[in-house]
$ cat entry-v4.pdb   # PDB, C-alpha atoms
MODEL        1
ATOM      1  CA  MET A 714      36.507  -5.531 -12.925  1.00  0.00           C
ATOM      2  CA  PRO A 715      33.818  -7.412 -10.924  1.00  0.00           C
ATOM      3  CA  THR A 716      33.789  -7.148  -7.152  1.00  0.00           C
ATOM      4  CA  THR A 717      32.987 -10.107  -4.913  1.00  0.00           C
ATOM      5  CA  ILE A 718      31.269  -9.478  -1.580  1.00  0.00           C
ATOM      6  CA  GLY A 719      30.229 -11.996   1.019  1.00  0.00           C
ATOM      7  CA  PRO A 720      29.077 -13.989   2.686  1.00  0.00           C
ATOM      8  CA  ILE A 721      26.850 -11.623   4.674  1.00  0.00           C
ATOM      9  CA  ALA A 722      24.185 -12.754   7.144  1.00  0.00           C
ATOM     10  CA  VAL A 723      21.074 -11.012   8.397  1.00  0.00           C
ATOM     11  CA  ALA A 724      22.241  -9.021  11.426  1.00  0.00           C
ATOM     12  CA  ALA A 725      19.104  -8.292  13.496  1.00  0.00           C
ATOM     13  CA  SER A 726      15.521  -9.433  14.017  1.00  0.00           C
ATOM     14  CA  ALA A 727      14.173  -6.387  12.166  1.00  0.00           C
ATOM     15  CA  ASP A 728      16.368  -7.288   9.163  1.00  0.00           C
ATOM     16  CA  ASP A 729      14.135 -10.197   8.176  1.00  0.00           C
ATOM     17  CA  ALA A 730      10.365 -10.299   8.099  1.00  0.00           C
ATOM     18  CA  SER A 731       7.362 -12.039   6.642  1.00  0.00           C
ATOM     19  CA  GLU A 732       4.085 -10.622   5.403  1.00  0.00           C
ATOM     20  CA  LEU A 733       0.950 -12.684   5.035  1.00  0.00           C
ATOM     21  CA  ALA A 734      -1.627 -12.189   2.277  1.00  0.00           C
ATOM     22  CA  SER A 735      -3.583 -10.070   4.762  1.00  0.00           C
ATOM     23  CA  THR A 736      -0.625  -7.584   4.723  1.00  0.00           C
ATOM     24  CA  VAL A 737       0.145  -8.287   8.399  1.00  0.00           C
ATOM     25  CA  VAL A 738       3.929  -8.138   8.928  1.00  0.00           C
ATOM     26  CA  SER A 739       5.921 -10.055  11.544  1.00  0.00           C
ATOM     27  CA  ILE A 740       9.549  -9.306  12.374  1.00  0.00           C
ATOM     28  CA  THR A 741       9.738 -12.008  15.042  1.00  0.00           C
ATOM     29  CA  ALA A 742       8.386 -15.067  13.191  1.00  0.00           C
ATOM     30  CA  ASN A 743      10.823 -17.936  13.355  1.00  0.00           C
ATOM     31  CA  PRO A 744      10.780 -19.486  10.882  1.00  0.00           C
ATOM     32  CA  LEU A 745       9.500 -16.983   8.324  1.00  0.00           C
ATOM     33  CA  ALA A 746       6.180 -17.677   6.623  1.00  0.00           C
ATOM     34  CA  ASN A 747       6.141 -20.465   4.069  1.00  0.00           C
ATOM     35  CA  CYS A 748       6.712 -19.379   0.469  1.00  0.00           C
ATOM     36  CA  ASP A 749       4.359 -21.953  -1.076  1.00  0.00           C
ATOM     37  CA  THR A 750       1.344 -19.741  -0.393  1.00  0.00           C
ATOM     38  CA  THR A 751       0.154 -17.026  -2.788  1.00  0.00           C
ATOM     39  CA  GLY A 752       0.462 -13.534  -1.372  1.00  0.00           C
ATOM     40  CA  VAL A 753       3.148 -14.346   1.199  1.00  0.00           C
ATOM     41  CA  TRP A 754       6.202 -12.084   1.196  1.00  0.00           C
ATOM     42  CA  ASN A 755       9.517 -12.770   2.926  1.00  0.00           C
ATOM     43  CA  ALA A 756      12.206 -10.132   3.085  1.00  0.00           C
ATOM     44  CA  TRP A 757      15.816  -9.893   4.153  1.00  0.00           C
ATOM     45  CA  ARG A 758      17.931  -6.790   4.619  1.00  0.00           C
ATOM     46  CA  PHE A 759      21.706  -7.082   4.488  1.00  0.00           C
ATOM     47  CA  THR A 760      23.761  -4.238   5.969  1.00  0.00           C
ATOM     48  CA  GLY A 761      27.348  -3.218   5.442  1.00  0.00           C
ATOM     49  CA  ILE A 762      27.251  -3.551   1.646  1.00  0.00           C
ATOM     50  CA  THR A 763      28.043  -0.617  -0.612  1.00  0.00           C
ATOM     51  CA  ILE A 764      26.729  -0.911  -4.158  1.00  0.00           C
ATOM     52  CA  PRO A 765      27.589   2.097  -6.330  1.00  0.00           C
ATOM     53  CA  ALA A 766      24.683   3.928  -7.997  1.00  0.00           C
ATOM     54  CA  GLY A 767      24.102   2.523 -11.476  1.00  0.00           C
ATOM     55  CA  ALA A 768      25.949  -0.729 -10.753  1.00  0.00           C
ATOM     56  CA  THR A 769      24.569  -3.964 -12.167  1.00  0.00           C
ATOM     57  CA  ILE A 770      24.478  -7.063  -9.993  1.00  0.00           C
ATOM     58  CA  VAL A 771      25.233  -9.955 -12.340  1.00  0.00           C
ATOM     59  CA  SER A 772      25.271 -12.767  -9.798  1.00  0.00           C
ATOM     60  CA  ALA A 773      24.039 -13.321  -6.255  1.00  0.00           C
ATOM     61  CA  VAL A 774      23.548 -16.333  -4.001  1.00  0.00           C
ATOM     62  CA  LEU A 775      20.868 -16.616  -1.324  1.00  0.00           C
ATOM     63  CA  THR A 776      21.010 -19.616   0.984  1.00  0.00           C
ATOM     64  CA  VAL A 777      17.689 -20.526   2.591  1.00  0.00           C
ATOM     65  CA  ASN A 778      17.328 -23.372   5.073  1.00  0.00           C
ATOM     66  CA  MET A 779      13.866 -24.930   4.766  1.00  0.00           C
ATOM     67  CA  THR A 780      12.173 -26.016   7.990  1.00  0.00           C
ATOM     68  CA  SER A 781       9.485 -28.220   6.453  1.00  0.00           C
ATOM     69  CA  THR A 782       9.827 -31.322   4.293  1.00  0.00           C
ATOM     70  CA  THR A 783       6.308 -30.937   2.893  1.00  0.00           C
ATOM     71  CA  LEU A 784       6.633 -27.246   1.990  1.00  0.00           C
ATOM     72  CA  ASP A 785      10.215 -27.119   0.787  1.00  0.00           C
ATOM     73  CA  GLU A 786       9.697 -26.287  -2.884  1.00  0.00           C
ATOM     74  CA  PRO A 787       9.504 -22.515  -3.190  1.00  0.00           C
ATOM     75  CA  ASP A 788       7.851 -20.918  -6.183  1.00  0.00           C
ATOM     76  CA  VAL A 789       8.769 -17.275  -5.740  1.00  0.00           C
ATOM     77  CA  THR A 790       9.989 -14.151  -7.489  1.00  0.00           C
ATOM     78  CA  ILE A 791      12.987 -12.417  -5.927  1.00  0.00           C
ATOM     79  CA  PHE A 792      13.336  -8.633  -6.149  1.00  0.00           C
ATOM     80  CA  GLY A 793      15.750  -6.134  -4.682  1.00  0.00           C
ATOM     81  CA  LEU A 794      14.636  -3.069  -2.753  1.00  0.00           C
ATOM     82  CA  ASP A 795      15.001   0.002  -4.944  1.00  0.00           C
ATOM     83  CA  VAL A 796      16.379   2.408  -2.343  1.00  0.00           C
ATOM     84  CA  ALA A 797      19.895   3.388  -1.356  1.00  0.00           C
ATOM     85  CA  SER A 798      19.606   2.440   2.307  1.00  0.00           C
ATOM     86  CA  PRO A 799      16.499   0.416   3.193  1.00  0.00           C
ATOM     87  CA  ALA A 800      15.025   0.889   6.657  1.00  0.00           C
ATOM     88  CA  GLN A 801      14.607  -2.059   9.000  1.00  0.00           C
ATOM     89  CA  PHE A 802      11.288  -3.855   8.748  1.00  0.00           C
ATOM     90  CA  VAL A 803       8.511  -2.955  11.171  1.00  0.00           C
ATOM     91  CA  ALA A 804       5.338  -4.785  12.137  1.00  0.00           C
ATOM     92  CA  THR A 805       2.965  -2.539  10.183  1.00  0.00           C
ATOM     93  CA  ASN A 806       0.667  -3.557   7.343  1.00  0.00           C
ATOM     94  CA  ALA A 807       2.268  -3.844   3.890  1.00  0.00           C
ATOM     95  CA  ASN A 808       5.733  -2.967   5.205  1.00  0.00           C
ATOM     96  CA  ILE A 809       7.238  -5.439   2.718  1.00  0.00           C
ATOM     97  CA  SER A 810       4.849  -5.459  -0.261  1.00  0.00           C
ATOM     98  CA  GLY A 811       4.493  -1.682  -0.124  1.00  0.00           C
ATOM     99  CA  ARG A 812       8.211  -0.969  -0.574  1.00  0.00           C
ATOM    100  CA  ALA A 813       9.759   0.152  -3.870  1.00  0.00           C
ATOM    101  CA  ARG A 814      11.176  -2.856  -5.723  1.00  0.00           C
ATOM    102  CA  THR A 815      13.698  -3.090  -8.528  1.00  0.00           C
ATOM    103  CA  THR A 816      12.388  -3.707 -12.030  1.00  0.00           C
ATOM    104  CA  ALA A 817      14.868  -6.569 -12.340  1.00  0.00           C
ATOM    105  CA  SER A 818      13.840  -9.834 -10.692  1.00  0.00           C
ATOM    106  CA  VAL A 819      14.497 -13.541 -10.867  1.00  0.00           C
ATOM    107  CA  ASP A 820      12.034 -16.433 -10.563  1.00  0.00           C
ATOM    108  CA  TRP A 821      12.929 -19.294  -8.253  1.00  0.00           C
ATOM    109  CA  SER A 822      10.840 -22.364  -8.876  1.00  0.00           C
ATOM    110  CA  ASN A 823      11.959 -25.737  -7.652  1.00  0.00           C
TER     111      ASN A 823
ENDMDL
END

$ encode --input "entry-v4.pdb" --output "structure tokens"
Amino acid sequence: MPTTIGPIAVAASADDASELASTVVSITANPLANCDTTGVWNAWRFTGITIPAGATIVSAVLTVNMTSTTLDEPDVTIFGLDVASPAQFVATNANISGRARTTASVDWSN
């Protein structure tokens, strides 16, 4: 039987981050970098969720509040992190793009 979890918010500053095409990571940017630019990564880490090994996530909802009316049409691919308990993000190069990602993904193009 399916399990419903949520809603869950990002808990700490180091649980969301952005990485520019230059691989520079910021954990304090507010708002996160705009997603309309090639090579920009945004990441969120949600704690307090237990997903059993081998489980399949069939549905998820991510609510993002845009802060720009000219750059409010994201064209992104969403992945999960492929680790049991992801570490918080740190301001080191490629700390988002260099992490292991799931093979499953979903495109979000508005």

$ closest_residue --input "entry-v4.pdb" --among "A:Ala797, A:Ala742, A:Ala813, A:Ala722" --to "Val777 of chain A" --atoms "all atoms listed in the file"
A:Ala722

$ residues_around --input "entry-v4.pdb" --residues "segment 803-808 of chain A" --least-positions-apart "4" --cutoff "6 Å" --atoms "all atoms listed in the file" --output "mmCIF file with C-alpha atoms, in the coordinates of the input"
data_model
loop_
_atom_site.group_PDB
_atom_site.id
_atom_site.type_symbol
_atom_site.label_atom_id
_atom_site.label_comp_id
_atom_site.auth_asym_id
_atom_site.auth_seq_id
_atom_site.Cartn_x
_atom_site.Cartn_y
_atom_site.Cartn_z
ATOM 1 C CA THR A 736 -0.625 -7.584 4.723
ATOM 2 C CA VAL A 737 0.145 -8.287 8.399
ATOM 3 C CA VAL A 738 3.929 -8.138 8.928
ATOM 4 C CA SER A 739 5.921 -10.055 11.544
#

$ resolve_selection --input "entry-v4.pdb" --expression "the PyMOL selection byres ((chain A and resi 769) around 12)" --output "list in words"
Pro715, Thr716, Ile764, Pro765, Ala766, Gly767, Ala768, Ile770, Val771, Ser772, Ala773, Gly793, Thr815 and Ala817 of chain A

$ write_last_selection --input "entry-v4.pdb" --atoms "C-alpha atoms" --output "compact mmCIF listing (two decimals), keeping the file's coordinate frame"
# COMPACT_ATOMS: atom_id res chain seq x y z
CA PRO A 715 33.82 -7.41 -10.92
CA THR A 716 33.79 -7.15 -7.15
CA ILE A 764 26.73 -0.91 -4.16
CA PRO A 765 27.59 2.10 -6.33
CA ALA A 766 24.68 3.93 -8.00
CA GLY A 767 24.10 2.52 -11.48
CA ALA A 768 25.95 -0.73 -10.75
CA ILE A 770 24.48 -7.06 -9.99
CA VAL A 771 25.23 -9.96 -12.34
CA SER A 772 25.27 -12.77 -9.80
CA ALA A 773 24.04 -13.32 -6.26
CA GLY A 793 15.75 -6.13 -4.68
CA THR A 815 13.70 -3.09 -8.53
CA ALA A 817 14.87 -6.57 -12.34

$ resolve_selection --input "entry-v4.pdb" --expression "the PyMOL selection byres ((chain A and resi 809) around 7)" --output "list in words"
Glu732, Trp754, Ala756, Ala807, Asn808, Ser810, Gly811 and Arg812 of chain A

$ residues_near_point --input "entry-v4.pdb" --point "(20.3, -5.8, 4.7)" --cutoff "10 Å" --atoms "all atoms listed in the file" --output "ChimeraX atom specification"
/A:721-725,727-729,756-762,794,798-801

$ atom_distance --input "entry-v4.pdb" --atom1 "atom CA of Arg814 of chain A" --atom2 "atom CA of Asp795 of chain A"
4.8 Å

$ atom_distance --input "entry-v4.pdb" --atom1 "atom CA of Asn755 of chain A" --atom2 "atom CA of Leu733 of chain A"
8.8 Å

$ closest_residue --input "entry-v4.pdb" --among "A:Phe802, A:Thr816, A:Thr763, A:Gly752" --to "Asp788 of chain A" --atoms "all atoms listed in the file"
A:Gly752

$ atom_distance --input "entry-v4.pdb" --atom1 "atom CA of Val789 of chain A" --atom2 "atom CA of Ser822 of chain A"
6.3 Å
